[in-house]
file query-v9.cif (mmCIF, C-alpha atoms)
data_coords
loop_
_atom_site.label_atom_id
_atom_site.label_comp_id
_atom_site.auth_asym_id
_atom_site.auth_seq_id
_atom_site.Cartn_x
_atom_site.Cartn_y
_atom_site.Cartn_z
CA MET C 1 94.45 78.12 82.81
CA LEU C 2 96.17 77.50 86.14
CA TYR C 3 99.64 78.04 84.75
CA SER C 4 98.60 81.55 83.76
CA LEU C 5 97.97 82.23 87.47
CA TYR C 6 101.50 81.13 88.18
CA THR C 7 102.88 83.65 85.71
CA THR C 8 100.57 86.52 86.67
CA VAL C 9 98.92 86.82 90.06
CA LEU C 10 101.39 84.49 91.81
CA ASP C 11 104.50 85.96 90.24
CA VAL C 12 106.09 88.23 92.85
CA SER C 13 107.99 90.18 90.22
CA LYS C 14 104.81 91.41 88.56
CA PRO C 15 102.57 94.15 89.93
CA LEU C 16 99.19 93.19 91.31
CA GLU C 17 96.30 94.27 89.09
CA LEU C 18 93.79 95.83 91.45
CA ILE C 19 90.12 95.07 91.07
CA ILE C 20 87.89 97.57 92.82
CA PRO C 21 84.22 96.64 92.90
CA VAL C 22 82.19 99.86 92.97
CA ARG C 23 78.69 100.57 91.83
CA HIS C 24 78.84 103.19 89.10
CA GLN C 25 78.79 106.56 90.74
CA LEU C 26 79.13 109.63 88.51
CA GLY C 27 81.93 111.92 89.47
CA SER C 28 83.54 109.55 91.95
CA GLU C 29 87.23 108.98 91.60
CA ASP C 30 89.05 106.17 93.24
CA PRO C 31 92.40 107.23 94.66
CA TYR C 32 94.00 103.84 94.04
CA PRO C 33 96.00 103.17 90.89
CA MET C 34 94.89 100.15 88.89
CA SER C 35 97.99 98.11 89.49
CA ARG C 36 100.28 98.07 92.46
CA SER C 37 103.88 97.04 92.58
CA HIS C 38 104.82 94.19 94.84
CA ASP C 39 106.95 96.51 97.00
CA VAL C 40 104.07 98.75 98.03
CA LEU C 41 101.61 96.00 98.89
CA GLN C 42 100.60 95.58 102.51
CA PRO C 43 102.81 93.08 104.35
CA THR C 44 99.73 90.88 105.02
CA THR C 45 98.97 90.74 101.29
CA HIS C 46 102.60 90.02 100.55
CA GLU C 47 102.51 87.15 103.03
CA ALA C 48 99.22 85.86 101.62
CA ARG C 49 100.69 85.86 98.11
CA ASN C 50 103.66 83.81 99.27
CA PHE C 51 101.42 81.36 101.10
CA LEU C 52 99.16 81.11 98.06
CA GLY C 53 102.09 80.39 95.77
CA LYS C 54 103.28 77.64 98.10
CA ALA C 55 99.79 76.16 98.52
CA MET C 56 99.22 76.05 94.75
CA SER C 57 102.65 74.55 94.15
CA GLU C 58 102.07 71.85 96.73
CA ARG C 59 98.79 70.81 95.20
CA TYR C 60 99.02 71.53 91.52
CA PHE C 61 102.38 72.54 90.08
CA LYS C 62 104.32 69.85 91.94
CA ARG C 63 101.95 67.16 90.76
CA TYR C 64 102.59 67.92 87.10
CA HIS C 65 106.24 68.92 87.39
CA PRO C 66 108.25 66.22 85.56
CA ILE C 67 111.21 66.10 87.92
CA LEU C 68 109.24 66.46 91.11
CA ALA C 69 106.84 63.79 89.88
CA LEU C 70 109.79 61.41 89.58
CA HIS C 71 110.33 61.78 93.31
CA GLN C 72 106.89 60.36 93.87
CA PRO C 73 106.84 57.23 91.73
CA LYS C 74 103.44 56.21 93.07
CA LYS C 75 101.91 59.07 91.13
CA ILE C 76 103.40 57.68 87.93
CA TYR C 77 103.04 53.98 88.54
CA GLY C 78 99.91 54.07 90.66
CA ASN C 79 99.12 50.83 92.42
CA ASN C 80 101.72 48.99 90.34
CA LEU C 81 104.48 50.55 92.41
CA GLY C 82 107.04 47.96 93.43
CA GLN C 83 106.51 45.80 90.38
CA PRO C 84 109.50 44.77 88.24
CA MET C 85 109.06 47.67 85.78
CA LEU C 86 110.89 49.93 88.21
CA GLN C 87 113.98 47.74 87.84
CA LYS C 88 114.02 48.08 84.05
CA ASN C 89 116.92 49.96 82.52
CA VAL C 90 114.94 51.07 79.49
CA LEU C 91 111.39 52.02 80.14
CA GLU C 92 108.82 51.61 77.41
CA GLU C 93 105.95 53.96 76.77
CA ILE C 94 103.52 51.47 78.23
CA ASP C 95 105.35 51.68 81.56
CA PHE C 96 104.39 55.29 81.99
CA LYS C 97 100.95 56.05 83.20
CA PHE C 98 101.53 59.64 82.09
CA SER C 99 102.19 58.68 78.47
CA TYR C 100 98.88 60.32 77.70
CA LEU C 101 100.67 63.65 77.92
CA ILE C 102 102.83 62.68 74.95
CA ASN C 103 99.77 61.51 73.10
CA ALA C 104 97.93 64.72 73.81
CA GLN C 105 100.86 66.72 72.51
CA SER C 106 101.01 64.56 69.38
CA MET C 107 97.37 65.15 68.76
CA LEU C 108 97.61 68.91 69.14
CA TYR C 109 100.87 69.16 67.21
CA PRO C 110 101.45 66.24 64.82
CA PRO C 111 105.24 66.71 64.40
CA MET C 112 105.49 65.67 68.05
CA THR C 113 104.45 62.16 67.07
CA SER C 114 107.97 61.22 66.01
CA GLY C 115 109.20 62.17 69.47
CA LYS C 116 112.13 64.18 68.04
CA ILE C 117 110.89 67.50 69.39
CA LEU C 118 110.20 65.94 72.74
CA VAL C 119 113.74 64.52 72.87
CA LYS C 120 115.09 67.98 72.01
CA LEU C 121 113.07 69.52 74.81
CA ILE C 122 114.23 66.89 77.27
CA ASN C 123 117.85 67.34 76.26
CA ALA C 124 117.53 71.09 76.62
CA THR C 125 116.28 70.68 80.19
CA ASN C 126 119.02 70.48 82.71
CA ILE C 127 118.16 67.38 84.72
CA ASP C 128 120.54 66.48 87.47
CA ARG C 129 121.16 62.75 87.72
CA LEU C 130 120.60 63.06 91.46
CA ASP C 131 117.05 64.12 90.74
CA ILE C 132 116.20 60.75 89.29
CA PRO C 133 115.31 58.17 91.92
CA VAL C 134 117.03 54.84 91.68
CA GLY C 135 114.95 51.65 91.96
CA MET B 1 39.74 65.71 89.68
CA LYS B 2 41.74 62.54 89.51
CA SER B 3 44.12 62.18 92.43
CA ILE B 4 47.78 61.68 91.69
CA ASN B 5 49.88 59.15 93.52
CA ILE B 6 53.10 61.14 93.95
CA ARG B 7 55.14 58.15 95.06
CA LYS B 8 54.07 56.13 92.04
CA LEU B 9 54.83 59.08 89.78
CA HIS B 10 58.33 59.40 91.24
CA VAL B 11 58.99 55.72 90.67
CA LYS B 12 57.82 56.03 87.05
CA LEU B 13 60.06 59.06 86.50
CA TYR B 14 63.01 57.30 88.07
CA THR B 15 62.48 54.23 85.89
CA MET B 16 62.29 56.38 82.78
CA CYS B 17 65.45 58.35 83.67
CA LYS B 18 67.29 55.15 84.51
CA LYS B 19 66.31 53.67 81.14
CA ILE B 20 67.64 56.76 79.30
CA ILE B 21 70.92 56.68 81.24
CA ILE B 22 71.42 52.95 80.59
CA MET B 23 70.80 53.52 76.87
CA SER B 24 73.38 56.33 76.75
CA LEU B 25 75.87 54.13 78.57
CA ALA B 26 75.26 51.29 76.14
CA GLU B 27 75.93 53.67 73.24
CA ALA B 28 79.23 54.74 74.78
CA ARG B 29 80.20 51.16 75.59
CA SER B 30 79.64 50.05 72.02
CA PHE B 31 81.79 52.92 70.73
CA PHE B 32 84.81 52.64 73.00
CA THR B 33 87.13 49.68 73.23
CA ILE B 34 88.58 51.12 76.41
CA LYS B 35 87.23 52.31 79.73
CA TYR B 36 85.27 55.47 79.13
CA LEU B 37 83.58 56.70 82.30
CA SER B 38 84.58 59.42 84.77
CA LEU B 39 83.21 59.55 88.28
CA TYR B 40 82.82 62.28 90.80
CA LEU B 41 82.13 61.20 94.36
CA ASP B 42 81.69 63.44 97.35
CA LEU B 43 80.09 63.54 100.75
CA ILE B 44 77.89 66.55 101.37
CA LYS B 45 76.25 67.69 104.57
CA SER B 46 72.81 69.24 104.66
CA LYS B 47 72.78 72.52 106.55
CA MET B 48 69.14 72.06 107.47
CA SER B 49 69.04 68.48 108.71
CA ASN B 50 72.75 68.03 109.45
CA GLN B 51 72.60 64.68 107.63
CA LYS B 52 75.31 63.40 105.32
CA TYR B 53 74.61 62.59 101.70
CA LEU B 54 76.57 60.63 99.17
CA ALA B 55 76.71 62.41 95.80
CA LEU B 56 77.76 60.45 92.76
CA ARG B 57 78.07 62.02 89.34
CA MET B 58 79.46 60.60 86.14
CA CYS B 59 80.51 61.96 82.80
CA PHE B 60 81.31 60.37 79.43
CA ASN B 61 81.31 60.92 75.68
CA THR B 62 79.72 58.89 72.93
CA SER B 63 80.28 58.84 69.18
CA THR B 64 77.51 61.38 68.66
CA ARG B 65 77.40 63.37 71.89
CA PHE B 66 80.04 65.11 73.95
CA ASN B 67 80.19 65.74 77.67
CA ILE B 68 77.18 63.76 78.86
CA GLY B 69 76.77 64.09 82.60
CA TYR B 70 74.28 62.52 84.97
CA ASN B 71 73.85 62.73 88.68
CA PHE B 72 73.50 59.08 89.61
CA ALA B 73 72.56 59.59 93.18
CA VAL B 74 72.29 61.96 96.07
CA ARG B 75 71.49 59.49 98.81
CA GLN B 76 71.55 59.79 102.52
CA PHE B 77 74.76 58.29 103.80
CA ALA B 78 74.18 56.82 107.20
CA PRO B 79 76.14 53.62 107.82
CA THR B 80 75.34 51.88 111.08
CA THR B 81 77.73 52.01 114.00
CA ASP B 82 78.59 48.34 113.46
CA GLU B 83 79.46 49.04 109.83
CA ARG B 84 81.61 51.99 110.83
CA GLN B 85 83.47 50.00 113.45
CA ALA B 86 83.98 46.99 111.20
CA GLU B 87 85.28 48.76 108.11
CA GLN B 88 87.18 51.84 107.05
CA LEU B 89 84.94 54.64 105.81
CA SER B 90 86.42 54.29 102.32
CA THR B 91 85.35 50.62 102.19
CA ILE B 92 81.82 51.55 103.19
CA LEU B 93 81.82 54.30 100.57
CA HIS B 94 83.01 51.78 98.01
CA GLU B 95 80.19 49.40 98.86
CA TRP B 96 77.58 52.15 98.70
CA SER B 97 78.82 53.63 95.44
CA SER B 98 79.22 50.16 93.86
CA GLY B 99 75.60 49.52 94.73
CA VAL B 100 74.53 52.66 92.86
CA LEU B 101 76.73 51.86 89.87
CA GLU B 102 75.44 48.28 89.66
CA GLU B 103 71.92 49.60 89.54
CA PHE B 104 72.83 51.30 86.25
CA GLY B 105 74.61 48.25 84.90
CA ILE B 106 78.07 49.74 85.29
CA LYS B 107 80.92 47.33 85.83
CA VAL B 108 83.55 49.23 87.73
CA MET B 109 86.54 47.25 86.44
CA LEU B 110 85.45 47.52 82.81
CA ASP B 111 83.86 50.95 82.58
CA VAL B 112 85.38 53.40 85.07
CA LEU B 113 88.49 55.15 83.78
CA THR B 114 89.08 58.23 85.86
CA SER B 115 87.79 60.40 88.67
CA THR B 116 87.97 63.99 89.84
CA LEU B 117 87.71 64.61 93.56
CA ASP B 118 88.93 66.70 96.40
CA SER B 119 91.79 65.18 98.34
CA GLY B 120 89.67 63.88 101.22
CA SER B 121 91.43 60.68 102.26
CA ASP B 122 88.31 58.50 102.41
CA VAL B 123 86.84 59.52 99.08
CA LYS B 124 90.24 59.49 97.41
CA ARG B 125 91.03 55.99 98.67
CA THR B 126 87.64 54.77 97.51
CA LEU B 127 88.16 55.81 93.92
CA ASP B 128 91.93 55.76 93.56
CA ILE B 129 92.63 52.44 95.27
CA LEU B 130 89.42 50.44 95.68
CA ILE B 131 87.90 51.32 92.30
CA ASP B 132 91.33 51.94 90.70
CA ALA B 133 90.23 54.96 88.71
CA TRP B 134 92.96 57.50 87.93
CA TRP B 135 92.62 60.36 90.32
CA GLU B 136 92.86 63.97 89.28
CA TRP B 137 92.24 67.05 91.35
CA CYS B 138 88.86 68.71 91.18
CA ILE B 139 90.26 72.14 90.33
CA SER B 140 87.53 73.98 92.23
CA HIS B 141 88.38 72.06 95.40
CA LEU B 142 92.08 72.63 94.81
CA ILE B 143 91.66 76.39 94.48
CA HIS B 144 89.44 76.47 97.54
CA LEU B 145 91.98 74.64 99.70
CA ALA B 146 94.92 76.73 98.50
CA LEU B 147 93.10 79.99 99.20
CA THR B 148 91.84 78.84 102.58
CA GLU B 149 95.39 77.95 103.58
CA ALA B 150 96.91 81.16 102.23
CA PHE B 151 94.36 83.55 103.71
CA GLY B 152 94.02 81.85 107.09
CA THR B 153 90.31 81.20 106.75
CA SER B 154 90.34 77.61 107.92
CA ILE B 155 87.61 76.56 110.40
CA ASP B 156 90.18 75.40 112.90
CA PRO B 157 92.15 78.46 114.11
CA ASN B 158 95.14 76.22 114.90
CA ASN B 159 95.47 75.38 111.21
CA ASN B 160 95.74 79.00 110.17
CA LYS B 161 99.20 79.75 108.88
CA ASN B 162 98.52 83.36 107.99
CA VAL B 163 97.65 84.83 111.37
CA ASP B 164 97.50 88.49 110.18
CA ALA B 165 95.04 87.68 107.42
CA HIS B 166 92.98 85.62 109.86
CA CYS B 167 92.81 88.57 112.29
CA PHE B 168 91.79 90.89 109.46
CA PHE B 169 88.89 88.62 108.47
CA GLN B 170 87.83 88.31 112.10
CA ARG B 171 87.72 92.13 112.34
CA ILE B 172 85.61 92.37 109.19
CA LYS B 173 83.29 89.65 110.48
CA LYS B 174 82.75 91.52 113.76
CA VAL B 175 81.81 94.71 111.90
CA ILE B 176 79.31 92.86 109.69
CA GLU B 177 77.77 91.15 112.71
CA ALA B 178 77.54 94.45 114.57
CA VAL B 179 75.75 96.12 111.66
CA ASN B 180 73.42 93.24 110.91
CA LYS B 181 72.47 92.71 114.57
CA SER B 182 72.03 96.32 115.66
CA GLU B 183 68.75 97.88 114.55
CA TYR B 184 70.14 101.42 114.86
CA LEU B 185 73.30 100.71 112.90
CA GLN B 186 71.48 98.74 110.25
CA GLY B 187 68.90 101.51 109.92
CA ALA B 188 71.57 104.18 109.53
CA PHE B 189 73.48 102.04 107.08
CA GLU B 190 70.36 101.36 105.01
CA GLU B 191 69.52 105.06 104.99
CA ALA B 192 73.02 105.98 103.82
CA MET B 193 72.91 103.41 101.05
CA LEU B 194 69.50 104.47 99.83
CA GLU B 195 70.59 108.10 99.85
CA LEU B 196 73.72 107.55 97.79
CA LEU B 197 73.04 104.41 95.75
CA GLU B 198 69.25 104.35 95.69
CA THR B 199 69.41 100.70 96.59
CA TYR B 200 70.11 98.76 99.78
CA LEU B 201 72.71 96.03 99.71
CA LYS B 202 72.83 94.00 102.91
CA LEU B 203 76.25 92.98 104.19
CA PHE B 204 76.90 89.28 103.76
CA ASN B 205 77.92 87.21 106.72
CA SER B 206 78.72 83.91 105.06
CA PRO B 207 80.84 81.13 106.56
CA GLN B 208 84.37 82.40 106.46
CA HIS B 209 85.96 79.09 105.50
CA ARG B 210 84.11 79.13 102.18
CA TRP B 211 86.49 81.36 100.33
CA SER B 212 84.10 82.07 97.44
CA SER B 213 81.74 83.52 100.04
CA THR B 214 84.67 85.42 101.51
CA ALA B 215 85.20 87.08 98.13
CA LEU B 216 81.55 88.14 98.12
CA ILE B 217 81.88 89.53 101.66
CA LEU B 218 84.83 91.67 100.56
CA GLU B 219 83.03 92.79 97.42
CA ARG B 220 80.01 93.95 99.38
CA ILE B 221 82.17 95.67 102.03
CA LEU B 222 84.07 97.57 99.34
CA ILE B 223 80.89 98.70 97.57
CA ALA B 224 79.35 99.83 100.85
CA TRP B 225 82.52 101.21 102.47
CA GLU B 226 81.55 104.89 102.54
CA HIS B 227 77.99 104.15 103.66
CA LEU B 228 79.26 101.97 106.44
CA LEU B 229 81.50 104.71 107.78
CA GLN B 230 78.68 107.23 107.39
CA ALA B 231 76.35 105.03 109.47
CA TYR B 232 78.88 104.83 112.33
CA ARG B 233 79.51 108.58 112.24
CA LYS B 234 75.81 109.35 112.23
CA LEU B 235 75.34 107.41 115.46
CA ASN B 236 78.51 108.93 116.96
CA ARG B 237 80.07 105.54 117.37
CA PRO B 238 83.79 104.91 116.91
CA VAL B 239 84.47 103.62 113.43
CA PRO B 240 86.06 100.17 113.78
CA LEU B 241 87.66 100.22 110.34
CA VAL B 242 90.63 102.23 109.15
CA ASP B 243 91.93 103.12 105.68
CA MET B 244 94.41 100.29 105.81
CA ASP B 245 91.52 97.84 106.13
CA ARG B 246 90.09 99.13 102.83
CA THR B 247 93.49 98.78 101.19
CA LEU B 248 93.69 95.20 102.46
CA CYS B 249 90.14 94.54 101.26
CA ILE B 250 91.08 95.72 97.75
CA GLU B 251 94.34 93.82 97.66
CA PHE B 252 92.76 90.61 98.93
CA TYR B 253 89.82 90.98 96.59
CA SER B 254 92.21 91.53 93.67
CA ARG B 255 94.09 88.42 94.66
CA PHE B 256 90.84 86.41 94.77
CA GLY B 257 89.56 87.73 91.42
CA PRO B 258 91.56 85.65 88.91
CA PHE B 259 91.13 82.54 91.06
CA ARG B 260 87.43 83.14 91.32
CA SER B 261 86.91 83.21 87.56
CA ARG B 262 88.76 79.92 87.19
CA HIS B 263 86.92 78.41 90.12
CA LYS B 264 83.58 79.22 88.45
CA LEU B 265 84.67 77.80 85.12
CA CYS B 266 86.12 74.64 86.61
CA LYS B 267 82.95 73.90 88.52
CA HIS B 268 81.46 72.94 85.18
CA LEU B 269 84.54 71.84 83.32
CA SER B 270 86.80 69.80 85.61
CA LEU B 271 85.01 66.50 85.22
CA SER B 272 84.21 66.79 81.52
CA MET B 273 87.73 67.95 80.59
CA CYS B 274 89.27 65.15 82.58
CA THR B 275 86.91 62.66 80.91
CA SER B 276 87.72 63.86 77.40
CA CYS B 277 91.49 64.05 77.90
CA TYR B 278 91.81 60.66 79.52
CA THR B 279 89.43 58.91 77.13
CA LEU B 280 91.09 60.33 74.06
CA CYS B 281 94.61 59.69 75.23
CA THR B 282 93.90 56.19 76.50
CA GLN B 283 92.31 55.46 73.15
CA LEU B 284 95.43 56.74 71.39
CA SER B 285 97.65 54.64 73.65
CA SER B 286 95.67 51.51 72.87
CA MET B 287 96.00 51.97 69.08
#
call {"tool": "encode", "arguments": {"input": "query-v9.cif", "output": "structure tokens"}}
result
Amino acid sequence: MLYSLYTTVLDVSKPLELIIPVRHQLGSEDPYPMSRSHDVLQPTTHEARNFLGKAMSERYFKRYHPILALHQPKKIYGNNLGQPMLQKNVLEEIDFKFSYLINAQSMLYPPMTSGKILVKLINATNIDRLDIPVG
Amino acid sequence: MKSINIRKLHVKLYTMCKKIIIMSLAEARSFFTIKYLSLYLDLIKSKMSNQKYLALRMCFNTSTRFNIGYNFAVRQFAPTTDERQAEQLSTILHEWSSGVLEEFGIKVMLDVLTSTLDSGSDVKRTLDILIDAWWEWCISHLIHLALTEAFGTSIDPNNNKNVDAHCFFQRIKKVIEAVNKSEYLQGAFEEAMLELLETYLKLFNSPQHRWSSTALILERILIAWEHLLQAYRKLNRPVPLVDMDRTLCIEFYSRFGPFRSRHKLCKHLSLSMCTSCYTLCTQLSSM
């Protein structure tokens, strides 16, 4: 639901769908087209869209972004931060508080249960080693 | 006619409701082998009395029913000065909410799984750290905060990042106040509306920092735009709004629209969706 905002109303490359609330008046014609390209929007609207994108990213998209989440281990490990699990070389499923995401995917799409598709997806994502915090 | 003791009746009703809630909780507890309860905690302020209230809501599923929600308490929150000085607000909140939960036989460590809240530091600390319930955003609060930040409608003018948008809303607010306070202007505006729309729609002047109210303000301004201008012209007063203001109104309103629909939906769904997802997935993890 929120991701669709990211790809529609917050996407600067897409025109803004205009919503004009008018009580039904016969014969009245609104001079505004129903969607307006990003280039012809008022600068204030343009600025507001940028601010809105940033504000949503800060609060929502960053929180559920896999790489960005790694930068904030407390979100993953919760109050257990600092415990020995962070020193492990191979993390088990139980170490991840967010393992529920994998489970949810498995439930919605059973082939995910084996983890093969997930591994494929992870391998296809270009993760820089520098992105992964050490310790 | 037999007189009714209202206080006694309230106590009876409360006892009955409490019994029903405890029974539902027992049903859920017998079904789940894991924690199963979601909490929503917030502090609300009464506009009338200016007093603070503690609102505590919970949500859970059972084997036979889905998305059961009860408001546990809306109680006046007034810790003494000594209490405030001795403890952090989150600790006091924890004590108060634990008291309510104990009354319903809820053991925090065994029953409470997750919580949805705004990001207020006190409330968040209470549930995330002191109660150790997994915290997720209340999506309605999240959308509200993001829009307030983006459109410069924060209460504190120093926190407004978008100065242009803030000035625009101030201009709109002044026009609404002028119309609503001036008998002549309001009369002319009402007349124009009745003439063209056959109905009179008063301009809203809601608190600007509540963005959902801001969307309603814009909606009403856009519907009444022509009538507003007509009222000013009729009284030979300079019209304080220009075409660009209408364009901005439309563009801002269009920006609010998709967020508004999600905000409305999430008001009802955030807690129950969070409950279901977490319960189901934790159950899967424990298998």
call {"tool": "axis_aligned_box", "arguments": {"input": "query-v9.cif", "around": "stretch 13-22 of chain C", "padding_each_side": "3 Å", "output": "JSON"}}
result
{"center_x": 95.1, "center_y": 95.0, "center_z": 90.8, "size_x": 31.8, "size_y": 15.7, "size_z": 10.4}
call {"tool": "closest_residue", "arguments": {"input": "query-v9.cif", "among": "B:Met48, B:Ile129, B:Leu39, B:Leu228", "to": "chain C", "atoms": "all atoms listed in the file"}}
result
B:Ile129
call {"tool": "closest_residue", "arguments": {"input": "query-v9.cif", "among": "B:Gln230, B:Thr64, B:Asn180, B:Ser121", "to": "B:Met193", "atoms": "only C-alpha atoms"}}
result
B:Gln230
call {"tool": "resolve_selection", "arguments": {"input": "query-v9.cif", "expression": "the PyMOL selection byres ((chain B) within 8 of (chain C))", "output": "PyMOL selection string"}}
result
chain B and resi 129+142-143+146-147+149-151+162+164-165+197+219+222-223+247-248+250-255+257-259+262+277-278+281-282+284-285
call {"tool": "residues_around", "arguments": {"input": "query-v9.cif", "residues": "B:Gly187", "least_positions_apart": "6", "cutoff": "12 Å", "atoms": "only C-alpha atoms", "output": "PyMOL selection string"}}
result
chain B and resi 179-181+193-194+200+202+227-228+230-232+234-235
call {"tool": "closest_residue", "arguments": {"input": "query-v9.cif", "among": "B:Phe104, B:Phe189, B:Trp211, B:Tyr53", "to": "B:Glu226", "atoms": "only C-alpha atoms"}}
result
B:Phe189
call {"tool": "residues_around", "arguments": {"input": "query-v9.cif", "residues": "B:Thr114", "least_positions_apart": "4", "cutoff": "6 Å", "atoms": "all atoms listed in the file", "output": "number ranges by chain"}}
result
B: 38, 133-134
call {"tool": "atom_distance", "arguments": {"input": "query-v9.cif", "atom1": "atom CA of B:His141", "atom2": "atom CA of B:Asp118"}}
result
5.5 Å
call {"tool": "resolve_selection", "arguments": {"input": "query-v9.cif", "expression": "the PyMOL selection byres ((chain B and resi 13-28) around 9)", "output": "ChimeraX atom specification"}}
result
/B:8-12,29-32,36-37,60-63,68,70,72,103-106
call {"tool": "resolve_selection", "arguments": {"input": "query-v9.cif", "expression": "the PyMOL selection byres ((chain B and resi 240) around 9)", "output": "number ranges by chain"}}
result
B: 171, 175, 229, 232, 237-239, 241-242
call {"tool": "atom_distance", "arguments": {"input": "query-v9.cif", "atom1": "atom CA of B:Tyr40", "atom2": "atom CA of B:Ala55"}}
result
7.9 Å
